[in-house]
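Colleague: Provided below: target_36.pdb, containing PDB, C-alpha atoms.
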```pdb
ATOM      1  CA  MET A   1       7.510   7.860  -9.528
ATOM      2  CA  LYS A   2       6.008   6.284  -6.376
ATOM      3  CA  LEU A   3       8.495   6.618  -3.513
ATOM      4  CA  SER A   4       9.131   3.873  -0.982
ATOM      5  CA  ARG A   5       7.983   4.467   2.569
ATOM      6  CA  ALA A   6      11.622   4.483   3.720
ATOM      7  CA  ARG A   7      12.510   7.170   1.163
ATOM      8  CA  CYS A   8       9.402   9.167   2.131
ATOM      9  CA  GLY A   9      10.612   9.124   5.728
ATOM     10  CA  GLN A  10      14.074  10.401   4.735
ATOM     11  CA  LEU A  11      12.641  13.223   2.646
ATOM     12  CA  VAL A  12      10.292  14.316   5.436
ATOM     13  CA  GLU A  13      13.129  14.233   7.993
ATOM     14  CA  GLY A  14      15.193  16.422   5.648
ATOM     15  CA  SER A  15      12.391  18.965   5.102
ATOM     16  CA  ASP A  16      12.607  22.300   6.879
ATOM     17  CA  HIS A  17       8.833  22.813   6.977
ATOM     18  CA  GLY A  18       5.572  21.490   5.558
ATOM     19  CA  VAL A  19       1.919  22.349   5.004
ATOM     20  CA  LEU A  20      -0.430  20.965   7.658
ATOM     21  CA  ALA A  21      -3.980  20.249   6.482
ATOM     22  CA  THR A  22      -6.711  19.731   9.070
ATOM     23  CA  VAL A  23     -10.472  19.136   8.997
ATOM     24  CA  HIS A  24     -12.571  22.299   9.396
ATOM     25  CA  ALA A  25     -16.247  22.027  10.417
ATOM     26  CA  VAL A  26     -17.510  24.575   7.872
ATOM     27  CA  ARG A  27     -14.775  25.019   5.283
ATOM     28  CA  GLY A  28     -14.077  21.273   5.028
ATOM     29  CA  VAL A  29     -10.306  21.714   5.139
ATOM     30  CA  ASP A  30      -7.731  24.139   6.447
ATOM     31  CA  ALA A  31      -4.071  24.377   5.490
ATOM     32  CA  VAL A  32      -1.186  26.281   7.066
ATOM     33  CA  PRO A  33       2.618  26.111   6.810
ATOM     34  CA  VAL A  34       4.265  24.627   9.924
ATOM     35  CA  CYS A  35       7.612  23.776  11.435
ATOM     36  CA  PHE A  36       7.853  20.204  12.671
ATOM     37  CA  ALA A  37      10.140  17.481  14.014
ATOM     38  CA  VAL A  38       9.928  13.681  13.690
ATOM     39  CA  GLU A  39      11.038  10.901  16.041
ATOM     40  CA  GLY A  40      10.120   7.247  16.476
ATOM     41  CA  GLY A  41       6.955   7.189  14.343
ATOM     42  CA  LEU A  42       5.718  10.420  15.908
ATOM     43  CA  LEU A  43       5.654  13.932  14.481
ATOM     44  CA  ALA A  44       5.345  17.170  16.440
ATOM     45  CA  VAL A  45       4.207  20.636  15.375
ATOM     46  CA  PRO A  46       5.010  23.499  17.755
ATOM     47  CA  ILE A  47       2.742  26.404  18.553
ATOM     48  CA  ASP A  48       5.539  28.913  18.973
ATOM     49  CA  ARG A  49       5.772  32.390  20.447
ATOM     50  CA  VAL A  50       8.443  33.443  17.961
ATOM     51  CA  LYS A  51       6.434  34.122  14.808
ATOM     52  CA  PRO A  52       3.903  36.881  15.527
ATOM     53  CA  LYS A  53       0.295  35.772  16.175
ATOM     54  CA  GLY A  54      -2.918  37.380  17.360
ATOM     55  CA  SER A  55      -3.386  34.462  19.764
ATOM     56  CA  VAL A  56      -1.775  31.092  20.469
ATOM     57  CA  ARG A  57      -5.288  29.547  20.498
ATOM     58  CA  LEU A  58      -4.983  28.724  16.794
ATOM     59  CA  GLN A  59      -7.573  27.373  14.361
ATOM     60  CA  ARG A  60      -5.382  24.319  13.708
ATOM     61  CA  SER A  61      -5.690  23.340  17.391
ATOM     62  CA  ARG A  62      -9.466  23.863  17.424
ATOM     63  CA  ASN A  63      -9.793  21.746  14.246
ATOM     64  CA  LEU A  64      -7.724  18.936  15.787
ATOM     65  CA  GLU A  65      -9.793  18.891  18.984
ATOM     66  CA  ARG A  66     -12.874  18.265  16.862
ATOM     67  CA  ASP A  67     -11.203  15.798  14.457
ATOM     68  CA  PRO A  68      -7.689  14.445  15.188
ATOM     69  CA  ARG A  69      -6.943  13.531  11.537
ATOM     70  CA  ALA A  70      -4.452  15.646   9.607
ATOM     71  CA  ALA A  71      -1.985  15.507   6.720
ATOM     72  CA  LEU A  72       1.450  17.064   6.386
ATOM     73  CA  LEU A  73       2.720  17.799   2.884
ATOM     74  CA  CYS A  74       6.464  18.234   2.281
ATOM     75  CA  GLU A  75       7.675  19.004  -1.202
ATOM     76  CA  LEU A  76      10.387  20.245  -3.500
ATOM     77  CA  TRP A  77       9.178  22.743  -6.075
ATOM     78  CA  ASP A  78      11.412  23.908  -8.941
ATOM     79  CA  GLY A  79       9.629  26.094 -11.461
ATOM     80  CA  ASP A  80      12.364  25.636 -14.067
ATOM     81  CA  ASP A  81      13.061  21.916 -13.842
ATOM     82  CA  TRP A  82       9.983  19.797 -13.254
ATOM     83  CA  SER A  83      12.064  16.601 -13.363
ATOM     84  CA  ARG A  84      13.299  17.510  -9.853
ATOM     85  CA  LEU A  85       9.851  17.729  -8.248
ATOM     86  CA  TRP A  86       8.830  15.476  -5.407
ATOM     87  CA  TRP A  87       6.274  15.479  -2.618
ATOM     88  CA  VAL A  88       5.525  13.345   0.415
ATOM     89  CA  ARG A  89       2.215  13.312   2.260
ATOM     90  CA  VAL A  90       2.187  12.097   5.858
ATOM     91  CA  ALA A  91      -1.190  10.967   7.196
ATOM     92  CA  LEU A  92      -1.416  11.898  10.864
ATOM     93  CA  GLU A  93      -3.618  11.424  13.899
ATOM     94  CA  ARG A  94      -3.219  13.718  16.838
ATOM     95  CA  ILE A  95      -2.509  12.009  20.164
ATOM     96  CA  PRO A  96      -2.265  13.609  23.622
ATOM     97  CA  GLY A  97       1.498  12.953  23.892
ATOM     98  CA  SER A  98       3.181  12.366  27.255
ATOM     99  CA  PRO A  99       5.077  15.135  29.089
ATOM    100  CA  GLU A 100       8.299  13.223  28.230
ATOM    101  CA  GLN A 101       7.422  13.135  24.530
ATOM    102  CA  ARG A 102       6.612  16.842  24.490
ATOM    103  CA  SER A 103       9.796  17.742  26.264
ATOM    104  CA  SER A 104      11.862  15.541  23.919
ATOM    105  CA  PHE A 105      10.220  17.180  20.897
ATOM    106  CA  GLU A 106      10.874  20.666  22.300
ATOM    107  CA  GLU A 107      14.584  19.803  22.400
ATOM    108  CA  LEU A 108      14.488  18.393  18.865
ATOM    109  CA  LEU A 109      12.702  21.492  17.566
ATOM    110  CA  ARG A 110      15.268  23.800  19.167
ATOM    111  CA  ARG A 111      18.053  21.810  17.520
ATOM    112  CA  LYS A 112      16.317  21.870  14.100
ATOM    113  CA  TYR A 113      15.340  25.569  14.139
ATOM    114  CA  ARG A 114      17.885  27.984  15.577
ATOM    115  CA  GLN A 115      15.082  30.576  15.929
ATOM    116  CA  TYR A 116      13.643  28.466  18.771
ATOM    117  CA  GLU A 117      16.855  28.452  20.835
ATOM    118  CA  GLY A 118      16.044  29.565  24.375
ATOM    119  CA  GLN A 119      12.389  30.208  23.462
ATOM    120  CA  PRO A 120       9.411  28.710  25.314
ATOM    121  CA  PHE A 121       6.668  27.040  23.246
ATOM    122  CA  ALA A 122       2.979  27.799  23.771
ATOM    123  CA  ASP A 123       2.193  24.160  22.946
ATOM    124  CA  VAL A 124       3.502  21.147  21.038
ATOM    125  CA  LEU A 125       0.965  19.142  19.015
ATOM    126  CA  VAL A 126       1.985  15.456  18.923
ATOM    127  CA  PHE A 127       0.813  13.171  16.100
ATOM    128  CA  ARG A 128       1.031   9.483  15.302
ATOM    129  CA  THR A 129       2.078   8.814  11.696
ATOM    130  CA  THR A 130      -0.555   6.512  10.167
ATOM    131  CA  ASP A 131       0.689   6.459   6.560
ATOM    132  CA  MET A 132       3.177   8.013   4.128
ATOM    133  CA  THR A 133       2.781   8.424   0.377
ATOM    134  CA  GLY A 134       5.316  10.008  -1.937
ATOM    135  CA  TRP A 135       5.797  10.870  -5.587
ATOM    136  CA  SER A 136       8.751  12.059  -7.612
ATOM    137  CA  ALA A 137       8.834  13.280 -11.186
ATOM    138  CA  GLY A 138      12.313  11.911 -11.911
ATOM    139  CA  PRO A 139      14.703   9.369 -10.409
ATOM    140  CA  GLY A 140      16.612  12.012  -8.380
ATOM    141  CA  ALA A 141      14.353  12.211  -5.329
ATOM    142  CA  ALA A 142      13.989   8.427  -5.262
ATOM    143  CA  ALA A 143      17.740   7.933  -4.877
ATOM    144  CA  GLY A 144      19.633  10.969  -3.536
ATOM    145  CA  PRO A 145      19.451  12.995  -0.339
ATOM    146  CA  ALA A 146      16.716  15.619   0.156
TER
ATOM    147  CA  MET B   1       0.318  40.398  10.292
ATOM    148  CA  LYS B   2      -3.172  39.882   8.845
ATOM    149  CA  LEU B   3      -3.127  40.663   5.122
ATOM    150  CA  SER B   4      -5.907  42.488   3.328
ATOM    151  CA  ARG B   5      -8.015  40.508   0.873
ATOM    152  CA  ALA B   6      -6.627  42.624  -1.988
ATOM    153  CA  ARG B   7      -3.054  41.865  -0.945
ATOM    154  CA  CYS B   8      -3.912  38.162  -0.562
ATOM    155  CA  GLY B   9      -5.171  38.188  -4.153
ATOM    156  CA  GLN B  10      -1.945  39.763  -5.430
ATOM    157  CA  LEU B  11       0.252  37.267  -3.596
ATOM    158  CA  VAL B  12      -1.766  34.306  -4.900
ATOM    159  CA  GLU B  13      -1.630  35.664  -8.457
ATOM    160  CA  GLY B  14       2.145  35.971  -8.115
ATOM    161  CA  SER B  15       2.596  32.422  -6.777
ATOM    162  CA  ASP B  16       3.984  29.774  -9.094
ATOM    163  CA  HIS B  17       2.240  26.895  -7.307
ATOM    164  CA  GLY B  18       0.340  26.019  -4.149
ATOM    165  CA  VAL B  19      -0.769  23.118  -1.975
ATOM    166  CA  LEU B  20      -4.346  21.968  -2.608
ATOM    167  CA  ALA B  21      -6.106  20.398   0.378
ATOM    168  CA  THR B  22      -9.287  18.389  -0.202
ATOM    169  CA  VAL B  23     -11.673  16.355   1.966
ATOM    170  CA  HIS B  24     -10.926  12.602   2.026
ATOM    171  CA  ALA B  25     -13.613  10.138   3.161
ATOM    172  CA  VAL B  26     -11.302   8.051   5.349
ATOM    173  CA  ARG B  27      -8.163  10.121   5.946
ATOM    174  CA  GLY B  28     -10.128  13.328   6.627
ATOM    175  CA  VAL B  29      -7.871  15.474   4.465
ATOM    176  CA  ASP B  30      -5.564  15.140   1.492
ATOM    177  CA  ALA B  31      -2.929  17.603   0.315
ATOM    178  CA  VAL B  32      -0.937  17.776  -2.917
ATOM    179  CA  PRO B  33       1.139  20.464  -4.660
ATOM    180  CA  VAL B  34      -0.583  21.920  -7.737
ATOM    181  CA  CYS B  35      -0.128  24.402 -10.558
ATOM    182  CA  PHE B  36      -3.001  26.857 -10.891
ATOM    183  CA  ALA B  37      -4.267  30.008 -12.592
ATOM    184  CA  VAL B  38      -6.702  32.674 -11.352
ATOM    185  CA  GLU B  39      -9.155  34.878 -13.231
ATOM    186  CA  GLY B  40     -12.303  36.772 -12.308
ATOM    187  CA  GLY B  41     -12.940  35.251  -8.884
ATOM    188  CA  LEU B  42     -12.294  31.734 -10.227
ATOM    189  CA  LEU B  43      -9.265  29.505  -9.810
ATOM    190  CA  ALA B  44      -8.326  26.537 -11.996
ATOM    191  CA  VAL B  45      -6.100  23.535 -11.311
ATOM    192  CA  PRO B  46      -5.027  21.474 -14.328
ATOM    193  CA  ILE B  47      -4.747  17.706 -14.458
ATOM    194  CA  ASP B  48      -1.805  17.669 -16.828
ATOM    195  CA  ARG B  49      -0.180  14.970 -18.923
ATOM    196  CA  VAL B  50       3.269  16.540 -18.516
ATOM    197  CA  LYS B  51       4.284  15.412 -15.027
ATOM    198  CA  PRO B  52       4.377  11.600 -14.908
ATOM    199  CA  LYS B  53       1.359   9.878 -13.301
ATOM    200  CA  GLY B  54       0.046   6.347 -12.958
ATOM    201  CA  SER B  55      -3.393   7.621 -14.012
ATOM    202  CA  VAL B  56      -5.113  10.945 -14.691
ATOM    203  CA  ARG B  57      -8.034   9.742 -12.518
ATOM    204  CA  LEU B  58      -6.485  11.344  -9.466
ATOM    205  CA  GLN B  59      -7.486  11.142  -5.805
ATOM    206  CA  ARG B  60      -7.973  14.933  -5.730
ATOM    207  CA  SER B  61     -10.721  14.616  -8.387
ATOM    208  CA  ARG B  62     -12.439  11.745  -6.557
ATOM    209  CA  ASN B  63     -12.347  13.730  -3.306
ATOM    210  CA  LEU B  64     -13.875  16.785  -5.002
ATOM    211  CA  GLU B  65     -16.717  14.750  -6.534
ATOM    212  CA  ARG B  66     -17.662  13.642  -3.039
ATOM    213  CA  ASP B  67     -17.107  17.049  -1.387
ATOM    214  CA  PRO B  68     -16.503  20.170  -3.523
ATOM    215  CA  ARG B  69     -14.785  22.130  -0.712
ATOM    216  CA  ALA B  70     -11.033  22.693  -0.912
ATOM    217  CA  ALA B  71      -8.290  25.066   0.192
ATOM    218  CA  LEU B  72      -5.227  26.294  -1.670
ATOM    219  CA  LEU B  73      -2.227  27.386   0.376
ATOM    220  CA  CYS B  74       0.388  29.681  -1.186
ATOM    221  CA  GLU B  75       3.391  30.706   0.870
ATOM    222  CA  LEU B  76       6.863  32.110   1.072
ATOM    223  CA  TRP B  77       9.208  30.094   3.252
ATOM    224  CA  ASP B  78      12.673  31.360   4.169
ATOM    225  CA  GLY B  79      14.476  29.186   6.681
ATOM    226  CA  ASP B  80      17.015  31.896   7.507
ATOM    227  CA  ASP B  81      14.838  34.991   7.771
ATOM    228  CA  TRP B  82      11.466  34.359   9.399
ATOM    229  CA  SER B  83      10.549  38.041   9.117
ATOM    230  CA  ARG B  84       9.965  37.431   5.376
ATOM    231  CA  LEU B  85       7.415  34.618   5.811
ATOM    232  CA  TRP B  86       3.881  34.930   4.512
ATOM    233  CA  TRP B  87       1.049  32.620   3.559
ATOM    234  CA  VAL B  88      -2.344  32.984   1.937
ATOM    235  CA  ARG B  89      -5.126  30.406   2.169
ATOM    236  CA  VAL B  90      -7.818  30.468  -0.507
ATOM    237  CA  ALA B  91     -11.090  28.738   0.411
ATOM    238  CA  LEU B  92     -12.523  27.107  -2.695
ATOM    239  CA  GLU B  93     -15.618  25.324  -3.908
ATOM    240  CA  ARG B  94     -15.428  23.260  -7.055
ATOM    241  CA  ILE B  95     -17.911  24.214  -9.787
ATOM    242  CA  PRO B  96     -18.526  22.468 -13.122
ATOM    243  CA  GLY B  97     -17.079  25.358 -15.160
ATOM    244  CA  SER B  98     -18.325  26.140 -18.660
ATOM    245  CA  PRO B  99     -16.438  24.990 -21.779
ATOM    246  CA  GLU B 100     -15.508  28.676 -22.338
ATOM    247  CA  GLN B 101     -14.101  28.991 -18.814
ATOM    248  CA  ARG B 102     -12.078  25.799 -19.181
ATOM    249  CA  SER B 103     -10.696  26.857 -22.528
ATOM    250  CA  SER B 104      -9.793  30.318 -21.202
ATOM    251  CA  PHE B 105      -8.012  28.734 -18.221
ATOM    252  CA  GLU B 106      -6.104  26.350 -20.493
ATOM    253  CA  GLU B 107      -4.718  29.379 -22.331
ATOM    254  CA  LEU B 108      -3.848  31.116 -19.066
ATOM    255  CA  LEU B 109      -2.093  28.011 -17.749
ATOM    256  CA  ARG B 110      -0.020  27.686 -20.922
ATOM    257  CA  ARG B 111       1.041  31.328 -20.568
ATOM    258  CA  LYS B 112       1.924  30.907 -16.886
ATOM    259  CA  TYR B 113       3.828  27.598 -17.223
ATOM    260  CA  ARG B 114       6.053  27.208 -20.281
ATOM    261  CA  GLN B 115       6.054  23.423 -19.696
ATOM    262  CA  TYR B 116       2.386  23.368 -20.792
ATOM    263  CA  GLU B 117       3.035  25.016 -24.174
ATOM    264  CA  GLY B 118       1.482  22.895 -26.899
ATOM    265  CA  GLN B 119       0.397  20.234 -24.380
ATOM    266  CA  PRO B 120      -3.180  18.946 -24.001
ATOM    267  CA  PHE B 121      -4.674  18.799 -20.499
ATOM    268  CA  ALA B 122      -6.439  15.701 -19.172
ATOM    269  CA  ASP B 123      -8.829  17.973 -17.261
ATOM    270  CA  VAL B 124      -9.117  21.428 -15.699
ATOM    271  CA  LEU B 125     -10.738  21.653 -12.262
ATOM    272  CA  VAL B 126     -12.561  24.985 -11.878
ATOM    273  CA  PHE B 127     -13.228  26.492  -8.438
ATOM    274  CA  ARG B 128     -15.124  29.459  -7.068
ATOM    275  CA  THR B 129     -13.098  31.431  -4.511
ATOM    276  CA  THR B 130     -15.226  31.692  -1.362
ATOM    277  CA  ASP B 131     -12.707  33.355   0.967
ATOM    278  CA  MET B 132      -9.083  34.429   1.320
ATOM    279  CA  THR B 133      -7.049  34.715   4.514
ATOM    280  CA  GLY B 134      -3.444  35.762   4.737
ATOM    281  CA  TRP B 135      -0.698  36.294   7.281
ATOM    282  CA  SER B 136       2.754  37.831   7.135
ATOM    283  CA  ALA B 137       5.483  37.809   9.750
ATOM    284  CA  GLY B 138       6.828  41.226   8.832
ATOM    285  CA  PRO B 139       5.669  44.318   6.934
ATOM    286  CA  GLY B 140       7.364  43.194   3.667
ATOM    287  CA  ALA B 141       4.672  40.901   2.296
ATOM    288  CA  ALA B 142       1.954  43.360   3.284
ATOM    289  CA  ALA B 143       3.474  46.092   1.119
ATOM    290  CA  GLY B 144       5.797  44.869  -1.631
ATOM    291  CA  PRO B 145       5.350  42.556  -4.615
ATOM    292  CA  ALA B 146       5.342  38.763  -4.177
TER
END
```
As structure tokens - that is how I would like this structure written.

Modeller:
Amino acid sequence: MKLSRARCGQLVEGSDHGVLATVHAVRGVDAVPVCFAVEGGLLAVPIDRVKPKGSVRLQRSRNLERDPRAALLCELWDGDDWSRLWWVRVALERIPGSPEQRSSFEELLRRKYRQYEGQPFADVLVFRTTDMTGWSAGPGAAAGPA
Amino acid sequence: MKLSRARCGQLVEGSDHGVLATVHAVRGVDAVPVCFAVEGGLLAVPIDRVKPKGSVRLQRSRNLERDPRAALLCELWDGDDWSRLWWVRVALERIPGSPEQRSSFEELLRRKYRQYEGQPFADVLVFRTTDMTGWSAGPGAAAGPA
């Protein structure tokens, strides 16, 4: 049921997106689906110019300027077979990130998501992973690939 | 891109699960996938005895006792076709919920999820919906069914 930290890391690396939760001054919490990439204990979430937006000055960025804590939830949902379910929650803290780290993450993101090929990013939010917790309903997620 | 509140409501009603974000004293935010049902401006999340757990005294319940604010994120992800993406975020506030409301939600949950048929719930968390915000990448989610 409880997944090891190593297995949590594998499942997150194999996930194609997640839900990013941040602290909101009035609403308490915000949540939004995000693309991401992981490398060396860091995790990066792009603010892209590919998916349509009213502005690239997004609420998630404003929340993180006020409070750098966040959580990313990756999961497998299967409405028919609940024995396959798993989820991993990554506790995060936003850090400034060096120009080298941002540039390395931009490359990683373009390799992970073909939609980003040749596209400039508006920003890349860099996070330090502070913890990882995972759960699986059956033995599948604990053993096999994502 | 921005979805109407009515359309947000339809998409949430058609969703088979969501990610519930709550306020955590130390980590700032928590997030966990949940089953849910909606009725009359209220939303209910069961603490079931079907999916395996170490305890039914879950972190989400402890968080909500300390701070009743939460958010539920429902979404469609399609890694190949980003023009199909949509998400809806429901801002929630936990309320005690009357015995009648809980019992009505238990019935609804058993109708929505066949896995709950004939199963007792450990608890049903009842929320008041305080706001709904939704986004879609293309015109599909704004018009068609979930």

Colleague: So that I can see what lies close to Leu125 of chain B, please list as a PyMOL selection string the residues with an atom at most 9 Å from it, counting only C-alpha atoms and leaving out residues fewer than 5 positions away in the same chain.

Modeller: chain B and resi 43-47+61+94-97+102

Colleague: Give me the residues within 9 Å of segment 25-36 of chain A as a ChimeraX atom specification, counting only C-alpha atoms and dropping any in the same chain fewer than 4 places off.

Modeller: /A:15-21,43-47,59-60,63,66-67,72,109,112-113 /B:19-23,28-31,67-73,75,77,87-89,91-92

Colleague: Tell me which of A:Gln115, A:Ser55, A:Gln10, A:Ser83 sits closest to Ser136 of chain A, counting all atoms listed in the file.

Modeller: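 The answer is A:Ser83, which sits nearest to Ser136 of chain A.
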
Colleague: Using Å and a single decimal, report how far atom CA of Gly79 of chain B sits from atom CA of Ala122 of chain A.

Modeller: 20.6 Å

Colleague: May I have the residues within 8 Å of Leu76 of chain B as a list in words, using only C-alpha atoms and disregarding those fewer than 4 positions away in the same chain?

Modeller: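 Those residues are Arg84, Leu85, Trp86 and Trp87 of chain B.
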
Colleague: Could you please determine the separation between atom CA of Met1 of chain B and atom CA of Asp131 of chain B in Å, to one decimal place?

Modeller: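 According to the coordinates, atom CA of Met1 of chain B and atom CA of Asp131 of chain B are separated by 17.5 Å.
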
Colleague: I need the residue nearest chain B from this list: A:Asp81, A:Glu65, A:Asp48, A:Glu39. Use all atoms listed in the file for the distance.

Modeller: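 Closest to chain B of all the choices is A:Asp81.
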
Colleague: By how many Å are atom CA of Arg111 of chain A and atom CA of Cys74 of chain A apart?

Modeller: 19.5 Å

Colleague: For each of A:Val90, A:Leu42, A:Val126, A:Val12, take the minimum atom-to-atom distance to chain B, counting only C-alpha atoms, then give the residue where this is smallest.

Modeller: A:Val90

Colleague: Measuring between all atoms listed in the file, which one of A:Asp80, A:Glu106, A:Glu100, A:Glu117 shows the shortest distance to chain B?

Modeller: A:Asp80

Colleague: Expand the PyMOL selection byres ((chain A and resi 119) around 9) into the individual residues it matches in the shown file, reporting them as a list in words.

Modeller: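 Selected by the PyMOL selection byres ((chain A and resi 119) around 9) here: Asp48, Arg49, Val50, Arg110, Gln115, Tyr116, Glu117, Gly118, Pro120 and Phe121 of chain A.
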